[in-house]
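Below: query-v2.tsv (TSV, C-alpha atoms)
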```tsv
chain	number	residue	atom	x	y	z
T	1	MET	CA	30.88	-35.94	18.19
T	2	ILE	CA	33.73	-37.55	20.15
T	3	THR	CA	37.43	-37.01	20.69
T	4	ALA	CA	40.24	-39.50	20.43
T	5	GLN	CA	40.67	-39.08	24.18
T	6	VAL	CA	37.20	-40.58	24.74
T	7	ILE	CA	38.24	-43.67	22.77
T	8	THR	CA	41.29	-44.19	24.97
T	9	GLU	CA	39.06	-43.90	28.04
T	10	LEU	CA	37.06	-46.91	26.88
T	11	ASN	CA	40.00	-49.01	28.15
T	12	SER	CA	39.19	-51.65	25.54
T	13	SER	CA	41.76	-54.43	25.16
T	14	ASP	CA	40.88	-54.53	21.45
T	15	ILE	CA	41.95	-50.93	20.73
T	16	ASN	CA	45.45	-49.46	21.12
T	17	PHE	CA	46.45	-45.82	20.69
T	18	VAL	CA	49.31	-45.44	18.18
T	19	SER	CA	49.91	-41.77	17.37
T	20	GLY	CA	48.36	-38.35	16.85
T	21	SER	CA	46.48	-35.79	18.90
T	22	LEU	CA	44.03	-37.00	21.52
T	23	ASP	CA	42.10	-33.77	20.88
T	24	ALA	CA	41.19	-34.94	17.37
T	25	VAL	CA	37.40	-34.75	16.90
T	26	ALA	CA	35.17	-36.97	14.77
T	27	SER	CA	31.53	-35.98	14.29
T	28	LYS	CA	30.43	-39.08	12.36
T	29	VAL	CA	31.51	-42.52	11.19
T	30	LEU	CA	31.80	-43.30	7.47
T	31	PRO	CA	33.24	-46.16	5.37
T	32	PRO	CA	36.69	-45.55	3.81
T	33	GLU	CA	35.34	-44.98	0.28
T	34	SER	CA	33.16	-42.07	1.38
T	35	CYS	CA	34.99	-40.66	4.41
T	36	ASP	CA	35.91	-37.00	4.85
T	37	SER	CA	37.78	-34.68	7.18
T	38	GLU	CA	35.14	-35.02	9.92
T	39	SER	CA	34.73	-38.77	10.09
T	40	LEU	CA	36.09	-41.64	12.13
T	41	VAL	CA	37.05	-44.52	9.83
T	42	PHE	CA	37.60	-48.25	10.40
T	43	VAL	CA	40.02	-49.86	7.93
T	44	SER	CA	41.20	-53.43	7.41
T	45	LYS	CA	42.95	-53.22	4.00
T	46	PRO	CA	45.88	-51.11	2.72
T	47	GLU	CA	43.74	-49.37	0.07
T	48	GLN	CA	41.17	-48.45	2.74
T	49	LEU	CA	43.92	-46.96	4.92
T	50	ALA	CA	45.23	-44.95	1.97
T	51	ALA	CA	41.74	-43.58	1.25
T	52	ALA	CA	41.22	-42.55	4.87
T	53	LEU	CA	44.58	-40.78	5.08
T	54	ALA	CA	44.03	-39.05	1.74
T	55	ALA	CA	40.69	-37.73	3.00
T	56	ARG	CA	42.42	-36.45	6.17
T	57	ALA	CA	40.05	-38.37	8.42
T	58	PRO	CA	40.67	-37.12	11.97
T	59	VAL	CA	40.52	-40.59	13.58
T	60	VAL	CA	41.46	-43.87	11.91
T	61	VAL	CA	41.09	-47.30	13.54
T	62	ALA	CA	43.19	-49.81	11.57
T	63	HIS	CA	43.69	-53.54	11.82
T	64	LYS	CA	46.95	-54.41	13.56
T	65	SER	CA	48.30	-56.06	10.38
T	66	LEU	CA	48.49	-52.70	8.56
T	67	ALA	CA	51.64	-50.57	8.53
T	68	LEU	CA	50.69	-47.18	9.97
T	69	PRO	CA	52.67	-44.10	8.85
T	70	PRO	CA	54.49	-42.33	11.71
T	71	ASP	CA	53.96	-38.86	10.23
T	72	SER	CA	50.21	-38.97	9.63
T	73	THR	CA	48.02	-35.97	10.43
T	74	SER	CA	45.28	-38.40	11.52
T	75	THR	CA	45.07	-39.84	15.02
T	76	LEU	CA	45.70	-43.55	14.61
T	77	PHE	CA	44.51	-46.52	16.62
T	78	SER	CA	45.38	-50.18	16.10
T	79	ALA	CA	42.75	-52.89	16.54
T	80	ASN	CA	43.16	-56.60	17.13
T	81	SER	CA	39.78	-57.03	15.43
T	82	VAL	CA	38.09	-54.24	13.46
T	83	GLN	CA	34.66	-55.69	14.24
T	84	LEU	CA	35.36	-55.78	17.99
T	85	ALA	CA	36.66	-52.22	17.75
T	86	MET	CA	33.40	-51.22	16.06
T	87	ALA	CA	31.43	-52.91	18.84
T	88	ALA	CA	33.39	-50.84	21.38
T	89	ILE	CA	33.37	-47.45	19.63
T	90	LEU	CA	30.10	-47.22	17.70
T	91	PRO	CA	27.92	-47.02	20.86
T	92	LEU	CA	29.50	-43.56	21.34
T	93	PHE	CA	27.75	-42.44	18.15
T	94	ASP	CA	24.52	-44.36	18.63
T	95	GLY	CA	21.60	-41.99	19.06
T	96	LYS	CA	19.02	-44.76	19.36
T	97	MET	CA	17.72	-43.61	22.73
T	98	ASN	CA	17.00	-40.15	21.28
T	99	ARG	CA	14.03	-41.76	19.52
T	100	PHE	CA	12.35	-42.13	22.89
T	101	ASN	CA	12.85	-38.58	24.14
T	102	GLN	CA	9.70	-37.01	25.58
T	103	THR	CA	8.82	-34.28	28.03
T	104	GLU	CA	7.59	-36.64	30.74
T	105	LYS	CA	9.06	-40.03	31.67
T	106	ILE	CA	5.58	-41.54	31.78
T	107	HIS	CA	3.61	-40.28	28.80
T	108	PRO	CA	0.14	-38.97	29.76
T	109	THR	CA	-1.55	-41.47	27.45
T	110	ALA	CA	0.17	-44.50	29.01
T	111	ILE	CA	-2.14	-46.80	30.99
T	112	VAL	CA	-0.56	-48.36	34.09
T	113	HIS	CA	-2.60	-50.67	36.31
T	114	PRO	CA	-2.62	-49.50	39.95
T	115	THR	CA	-1.04	-52.78	41.08
T	116	ALA	CA	1.80	-52.68	38.54
T	117	HIS	CA	5.31	-51.92	39.80
T	118	LEU	CA	7.54	-49.50	37.91
T	119	GLY	CA	11.21	-49.29	38.89
T	120	LYS	CA	13.33	-46.16	39.00
T	121	ASN	CA	13.79	-44.07	35.85
T	122	VAL	CA	11.34	-46.09	33.76
T	123	CYS	CA	10.25	-44.43	30.52
T	124	LEU	CA	6.84	-45.26	29.02
T	125	GLY	CA	5.91	-43.94	25.57
T	126	PRO	CA	2.50	-42.95	24.21
T	127	TYR	CA	-0.33	-45.47	24.65
T	128	VAL	CA	1.80	-48.05	26.48
T	129	VAL	CA	-0.29	-50.49	28.53
T	130	ILE	CA	1.09	-52.09	31.70
T	131	GLY	CA	-1.18	-54.75	33.19
T	132	GLU	CA	-2.10	-55.94	36.64
T	133	GLN	CA	0.83	-56.90	38.91
T	134	ALA	CA	3.30	-56.44	36.04
T	135	LYS	CA	6.87	-55.48	37.04
T	136	ILE	CA	9.09	-53.15	35.02
T	137	GLY	CA	12.74	-52.96	36.09
T	138	ASP	CA	14.88	-49.91	36.78
T	139	GLY	CA	15.96	-47.85	33.79
T	140	THR	CA	13.77	-49.71	31.30
T	141	THR	CA	12.37	-47.89	28.27
T	142	ILE	CA	9.14	-49.00	26.61
T	143	GLY	CA	8.10	-47.56	23.25
T	144	ALA	CA	4.72	-46.41	22.02
T	145	HIS	CA	1.77	-48.83	21.84
T	146	THR	CA	3.65	-51.65	23.57
T	147	VAL	CA	1.61	-53.93	25.82
T	148	VAL	CA	2.95	-55.74	28.91
T	149	GLU	CA	0.15	-57.93	30.20
T	150	SER	CA	-0.73	-58.92	33.75
T	151	PHE	CA	1.94	-60.52	35.95
T	152	ALA	CA	4.60	-60.18	33.23
T	153	GLU	CA	8.10	-58.99	34.20
T	154	VAL	CA	10.67	-56.94	32.29
T	155	GLY	CA	14.19	-56.74	33.74
T	156	ASP	CA	16.37	-53.71	34.48
T	157	HIS	CA	17.66	-51.50	31.67
T	158	SER	CA	15.78	-53.31	28.93
T	159	LEU	CA	14.47	-51.63	25.78
T	160	LEU	CA	11.14	-52.56	24.25
T	161	HIS	CA	10.57	-50.81	20.94
T	162	PRO	CA	7.10	-49.66	19.81
T	163	HIS	CA	4.39	-52.25	19.15
T	164	VAL	CA	5.93	-55.06	21.21
T	165	PHE	CA	3.62	-57.50	23.01
T	166	VAL	CA	4.64	-59.30	26.22
T	167	GLY	CA	2.02	-61.81	27.29
T	168	SER	CA	0.72	-62.54	30.76
T	169	HIS	CA	3.19	-64.15	33.22
T	170	CYS	CA	6.08	-64.01	30.70
T	171	THR	CA	9.49	-62.88	31.97
T	172	LEU	CA	12.32	-60.93	30.33
T	173	GLY	CA	15.73	-60.57	31.94
T	174	ALA	CA	17.94	-57.52	32.29
T	175	ARG	CA	19.38	-55.52	29.37
T	176	CYS	CA	17.16	-57.14	26.75
T	177	GLU	CA	16.25	-55.37	23.52
T	178	ILE	CA	13.05	-56.31	21.71
T	179	HIS	CA	12.41	-54.76	18.31
T	180	PRO	CA	9.04	-53.62	16.88
T	181	HIS	CA	6.12	-55.96	16.26
T	182	THR	CA	7.63	-58.88	18.16
T	183	THR	CA	5.26	-61.01	20.21
T	184	ILE	CA	6.37	-62.82	23.37
T	185	GLY	CA	3.83	-65.20	24.79
T	186	SER	CA	1.45	-65.85	21.92
T	187	ASP	CA	-0.42	-69.17	22.17
T	188	GLY	CA	1.37	-72.30	21.06
T	189	PHE	CA	-0.14	-74.03	18.03
T	190	SER	CA	-1.87	-77.03	19.54
T	191	PHE	CA	-5.11	-78.65	18.34
T	192	VAL	CA	-6.65	-82.10	18.51
T	193	MET	CA	-9.13	-83.55	16.02
T	194	THR	CA	-12.46	-84.89	17.25
T	195	LYS	CA	-14.00	-88.01	15.75
T	196	GLU	CA	-16.32	-85.71	13.81
T	197	GLY	CA	-13.29	-84.12	12.14
T	198	HIS	CA	-13.35	-80.82	14.00
T	199	GLN	CA	-10.21	-79.19	15.45
T	200	LYS	CA	-10.37	-78.54	19.19
T	201	LYS	CA	-7.81	-76.20	20.74
T	202	ILE	CA	-5.63	-77.32	23.65
T	203	PRO	CA	-5.23	-74.24	25.89
T	204	GLN	CA	-1.66	-73.03	26.29
T	205	ILE	CA	-1.28	-72.17	29.97
T	206	GLY	CA	2.54	-72.00	30.24
T	207	ARG	CA	4.74	-68.96	29.76
T	208	VAL	CA	7.93	-67.64	28.10
T	209	VAL	CA	11.14	-67.04	30.07
T	210	ILE	CA	13.87	-64.97	28.41
T	211	GLY	CA	17.31	-64.53	30.00
T	212	ASN	CA	19.59	-61.52	30.32
T	213	ASP	CA	21.19	-59.64	27.39
T	214	VAL	CA	18.86	-61.18	24.80
T	215	GLU	CA	18.04	-59.31	21.58
T	216	LEU	CA	15.04	-60.22	19.45
T	217	GLY	CA	14.61	-58.70	16.00
T	218	ALA	CA	11.45	-57.28	14.48
T	219	ASN	CA	8.38	-59.42	13.75
T	220	CYS	CA	9.43	-62.43	15.82
T	221	ALA	CA	6.96	-64.72	17.57
T	222	ILE	CA	7.85	-66.61	20.74
T	223	ASP	CA	5.04	-68.98	21.74
T	224	ARG	CA	4.20	-69.68	25.35
T	225	ALA	CA	4.51	-73.27	26.54
T	226	ALA	CA	1.56	-75.60	26.78
T	227	LEU	CA	2.10	-76.27	30.51
T	228	THR	CA	5.58	-75.14	31.57
T	229	GLU	CA	8.05	-72.76	29.89
T	230	THR	CA	9.45	-71.80	26.52
T	231	ARG	CA	12.99	-70.58	27.28
T	232	ILE	CA	15.62	-68.43	25.55
T	233	GLY	CA	19.00	-68.34	27.29
T	234	ASN	CA	21.29	-65.48	28.28
T	235	GLY	CA	23.01	-63.57	25.50
T	236	THR	CA	21.12	-65.14	22.59
T	237	LYS	CA	20.62	-62.85	19.57
T	238	MET	CA	17.80	-63.37	17.10
T	239	ASP	CA	17.24	-61.70	13.72
T	240	ASN	CA	13.90	-60.60	12.21
T	241	PHE	CA	10.97	-62.89	11.35
T	242	CYS	CA	11.92	-65.81	13.60
T	243	HIS	CA	9.41	-68.23	15.13
T	244	ILE	CA	9.98	-70.18	18.34
T	245	ALA	CA	7.21	-72.69	19.03
T	246	HIS	CA	5.83	-73.84	22.38
T	247	ASN	CA	8.02	-75.70	24.89
T	248	VAL	CA	11.21	-74.96	22.94
T	249	THR	CA	14.44	-74.36	24.88
T	250	ILE	CA	17.26	-72.33	23.33
T	251	GLY	CA	20.55	-72.13	25.21
T	252	ASP	CA	22.94	-69.29	25.97
T	253	ASN	CA	24.79	-67.15	23.42
T	254	CYS	CA	23.13	-68.52	20.29
T	255	VAL	CA	23.05	-66.45	17.09
T	256	ILE	CA	20.00	-66.95	14.90
T	257	ALA	CA	19.52	-65.38	11.46
T	258	ALA	CA	16.28	-64.25	9.84
T	259	LYS	CA	13.33	-66.56	9.13
T	260	PHE	CA	14.58	-69.27	11.48
T	261	SER	CA	11.81	-71.52	12.75
T	262	VAL	CA	11.75	-74.29	15.31
T	263	ALA	CA	8.79	-76.56	16.03
T	264	GLY	CA	7.49	-77.52	19.46
T	265	SER	CA	9.44	-79.16	22.29
T	266	SER	CA	12.85	-79.02	20.58
T	267	LYS	CA	15.97	-78.25	22.60
T	268	ILE	CA	18.93	-76.24	21.31
T	269	GLY	CA	22.22	-76.06	23.21
T	270	ASN	CA	24.61	-73.21	23.96
T	271	ASN	CA	26.74	-71.26	21.47
T	272	CYS	CA	24.88	-72.49	18.39
T	273	MET	CA	24.57	-70.56	15.11
T	274	PHE	CA	21.79	-70.82	12.55
T	275	GLY	CA	21.80	-69.32	9.06
T	276	GLY	CA	18.81	-67.74	7.36
T	277	GLU	CA	15.65	-69.81	6.83
T	278	VAL	CA	16.89	-72.78	8.86
T	279	ALA	CA	14.05	-75.04	10.00
T	280	VAL	CA	14.18	-77.34	13.04
T	281	SER	CA	11.57	-80.07	13.43
T	282	ASP	CA	9.67	-80.83	16.63
T	283	HIS	CA	11.09	-82.88	19.53
T	284	VAL	CA	14.66	-82.54	18.18
T	285	THR	CA	17.70	-82.05	20.43
T	286	ILE	CA	20.74	-80.11	19.18
T	287	THR	CA	23.89	-80.19	21.28
T	288	ASP	CA	26.21	-77.23	22.05
T	289	ARG	CA	28.40	-75.47	19.43
T	290	VAL	CA	26.47	-76.54	16.35
T	291	ILE	CA	26.40	-74.42	13.18
T	292	ILE	CA	23.63	-74.94	10.61
T	293	ALA	CA	24.10	-73.32	7.19
T	294	GLY	CA	21.30	-71.25	5.67
T	295	ARG	CA	18.19	-73.13	4.52
T	296	GLY	CA	19.31	-76.28	6.30
T	297	ALA	CA	16.64	-78.48	7.86
T	298	VAL	CA	17.13	-80.39	11.11
T	299	THR	CA	14.86	-83.44	11.41
T	300	PHE	CA	16.89	-85.59	13.80
T	301	ASN	CA	19.01	-85.15	16.93
T	302	ILE	CA	22.48	-83.66	16.52
T	303	THR	CA	24.77	-85.08	19.20
T	304	GLU	CA	28.18	-83.88	17.95
T	305	PRO	CA	29.33	-80.24	17.72
T	306	GLY	CA	30.22	-79.14	14.19
T	307	GLN	CA	28.97	-77.57	10.97
T	308	TYR	CA	26.02	-78.97	9.06
T	309	GLY	CA	23.85	-78.02	6.10
T	310	GLY	CA	21.32	-79.09	3.50
T	311	TYR	CA	18.23	-81.25	3.51
T	312	PRO	CA	18.50	-84.06	4.38
T	313	LEU	CA	21.04	-82.63	6.81
T	314	GLU	CA	24.71	-83.59	6.29
T	315	PRO	CA	28.07	-82.43	7.59
T	316	LEU	CA	28.63	-79.09	5.86
T	317	ARG	CA	31.44	-80.28	3.58
T	318	ASP	CA	29.23	-83.09	2.27
T	319	ALA	CA	26.26	-80.75	1.95
T	320	LEU	CA	28.29	-78.36	-0.22
T	321	LYS	CA	29.34	-81.25	-2.46
T	322	THR	CA	25.72	-82.36	-2.77
T	323	LEU	CA	24.67	-78.82	-3.69
T	324	THR	CA	27.41	-78.60	-6.32
T	325	ASN	CA	26.49	-81.98	-7.81
T	326	LYS	CA	22.84	-80.96	-8.19
T	327	THR	CA	23.83	-78.42	-10.85
T	328	HIS	CA	25.05	-81.30	-13.08
T	329	ILE	CA	21.97	-83.52	-12.80
T	330	THR	CA	20.25	-82.26	-15.96
T	331	ARG	CA	23.39	-82.75	-18.07
T	332	ILE	CA	23.99	-86.20	-16.56
T	333	ARG	CA	20.40	-87.28	-17.36
T	334	LYS	CA	20.81	-86.12	-20.97
T	335	ASP	CA	24.12	-87.95	-21.30
T	336	LEU	CA	22.57	-91.09	-19.79
T	337	ALA	CA	19.63	-90.91	-22.23
T	338	ARG	CA	22.05	-90.77	-25.16
T	339	VAL	CA	23.98	-93.78	-23.83
T	340	ILE	CA	20.75	-95.79	-23.41
T	341	LYS	CA	19.67	-94.88	-26.94
T	342	HIS	CA	23.10	-95.76	-28.37
T	343	LEU	CA	23.02	-99.17	-26.67
T	344	GLY	CA	19.48	-99.80	-27.88
T	345	LEU	CA	18.15	-100.22	-24.37
T	346	LYS	CA	14.68	-99.32	-23.14
T	347	GLU	CA	14.23	-96.85	-20.32
T	348	ASP	CA	12.19	-98.11	-17.33
```
Target encoding structure tokens, full file:
Amino acid sequence: MITAQVITELNSSDINFVSGSLDAVASKVLPPESCDSESLVFVSKPEQLAAALAARAPVVVAHKSLALPPDSTSTLFSANSVQLAMAAILPLFDGKMNRFNQTEKIHPTAIVHPTAHLGKNVCLGPYVVIGEQAKIGDGTTIGAHTVVESFAEVGDHSLLHPHVFVGSHCTLGARCEIHPHTTIGSDGFSFVMTKEGHQKKIPQIGRVVIGNDVELGANCAIDRAALTETRIGNGTKMDNFCHIAHNVTIGDNCVIAAKFSVAGSSKIGNNCMFGGEVAVSDHVTITDRVIIAGRGAVTFNITEPGQYGGYPLEPLRDALKTLTNKTHITRIRKDLARVIKHLGLKED
């Protein structure tokens, strides 16, 4: 439950107070089509604004392009971007940390090695394991059954959800969030065949280094390097079910959708975006500010910023044309067969 006054105190450049009482109270956030007299509502279209006002929503945040009525009973805010306004306001309603409430900061079932270092106000859930010489930063919360192995480090104010694994000597920066069942520091996939035809494993003795403000979705796997480091840069956000192989480097502020996979020793620049199920081959370099459409496959270096898609990979406009043309192939083959038959030719 928040008041309109609290929103003004955010001092966000993306939100501007327009009119109404700053004492207006919203106890929840709902979409325009289902809002009521207790909800804060974000609107970007005239019909959404009309629905919110008709429902007497106490607080309405509207895109700046909409004409706001001067006599509304709702408290009105204008937003340069509705999505940025949501990013600023919704944390006020986010009860995520309530999931980790417990009587004691360090749960009695947690196992902490005597040589491990815990910062101030660290919260450890049931059956957490913190290994030898591991370091946990100030204000970090670690959920139930999570394991942080020996000599690993987790930065200040990070959040590790239940069932996360952080392997030995791996490092996470500050303000990271790692969702359930994600593994950081699993072995890279590296084998060599003997002359007898047997596979012999090459030990993976490197580590994973993750920067500040990184978010990894559920069920991701980040492999440790063979000898040096697998790296994920500051501010990069990764969806569920992503796989980062050994020795990969991913730059700052990348956005990576679900089921992305990248093979070993590839390098990805800063501010890149990858759609769902994109695959990147091994030893590939991708420059900064590259966008790959969903299900695209990268098998060669990309040296120019831009948008790409498809397999084989093409500039996105060409890839969309190729995709469209594929839907006509069956008809074209039938038409061609009729032409060959009409001309009395033999098909090869």
Could you list, as a PDB file with C-alpha atoms, in the frame of the given file, every residue within 9 Å of Ala55 in chain T, counting all atoms listed in the file and ignoring same-chain residues fewer than 6 positions away?
```pdb
ATOM      1  CA  PRO T  32      36.690 -45.550   3.810  1.00  0.00           C
ATOM      2  CA  SER T  34      33.160 -42.070   1.380  1.00  0.00           C
ATOM      3  CA  CYS T  35      34.990 -40.660   4.410  1.00  0.00           C
ATOM      4  CA  ASP T  36      35.910 -37.000   4.850  1.00  0.00           C
ATOM      5  CA  SER T  37      37.780 -34.680   7.180  1.00  0.00           C
TER       6      SER T  37
END
```
### Query
How many Å separate CA of Val18 in chain T from CA of Glu38 in chain T?
19.4 Å
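With only C-alpha atoms as the atoms that count, the minimum distance from Cys220 in chain T to the choices T:Glu132, T:Glu304, T:Asp239, T:Asp282 is reached by T:Asp239.
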### Message
Can you pull out the residues contacting range 313-328 of chain T? Cut-off 10 Å, using only C-alpha atoms, and skip same-chain residues under 3 positions away; I want them as a PyMOL selection string.
### Response
chain T and resi 291-293+296-300+302+306-310+331-333
### Message
Using all atoms listed in the file, which protein or nucleic acid residues come within 12 Å of range 98-110 of chain T? Drop anything in the same chain fewer than 5 positions from it, and give the result as number ranges by chain.
### Response
T: 93, 118-131, 139-148, 159-162
Using the selection just defined, write its residues with C-alpha atoms as a CSV table (one decimal), keeping the file's coordinate frame.
```
chain,number,residue,atom,x,y,z
T,93,PHE,CA,27.8,-42.4,18.2
T,118,LEU,CA,7.5,-49.5,37.9
T,119,GLY,CA,11.2,-49.3,38.9
T,120,LYS,CA,13.3,-46.2,39.0
T,121,ASN,CA,13.8,-44.1,35.8
T,122,VAL,CA,11.3,-46.1,33.8
T,123,CYS,CA,10.2,-44.4,30.5
T,124,LEU,CA,6.8,-45.3,29.0
T,125,GLY,CA,5.9,-43.9,25.6
T,126,PRO,CA,2.5,-43.0,24.2
T,127,TYR,CA,-0.3,-45.5,24.6
T,128,VAL,CA,1.8,-48.0,26.5
T,129,VAL,CA,-0.3,-50.5,28.5
T,130,ILE,CA,1.1,-52.1,31.7
T,131,GLY,CA,-1.2,-54.8,33.2
T,139,GLY,CA,16.0,-47.8,33.8
T,140,THR,CA,13.8,-49.7,31.3
T,141,THR,CA,12.4,-47.9,28.3
T,142,ILE,CA,9.1,-49.0,26.6
T,143,GLY,CA,8.1,-47.6,23.2
T,144,ALA,CA,4.7,-46.4,22.0
T,145,HIS,CA,1.8,-48.8,21.8
T,146,THR,CA,3.6,-51.6,23.6
T,147,VAL,CA,1.6,-53.9,25.8
T,148,VAL,CA,3.0,-55.7,28.9
T,159,LEU,CA,14.5,-51.6,25.8
T,160,LEU,CA,11.1,-52.6,24.2
T,161,HIS,CA,10.6,-50.8,20.9
T,162,PRO,CA,7.1,-49.7,19.8
```
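The two atoms in question, CA of Arg56 in chain T and CA of Thr8 in chain T, are spaced 20.4 Å apart.
Closest to Asn234 in chain T among T:Asn270, T:Ser158, T:Ser74, T:Thr183 is T:Asn270, based on only C-alpha atoms.
Compared by their closest atoms to Val248 in chain T, and using only C-alpha atoms, the residues T:Gly269, T:Gly20, T:Gly167, T:Pro203 rank with T:Gly269 nearest.
Counting all atoms listed in the file and comparing T:Gly211, T:Gly155, T:Pro58, T:Gly188, the residue that lies closest to Ser265 in chain T is T:Gly188.
You will find CA of Asn247 in chain T at 8.9 Å from CA of Ala263 in chain T.
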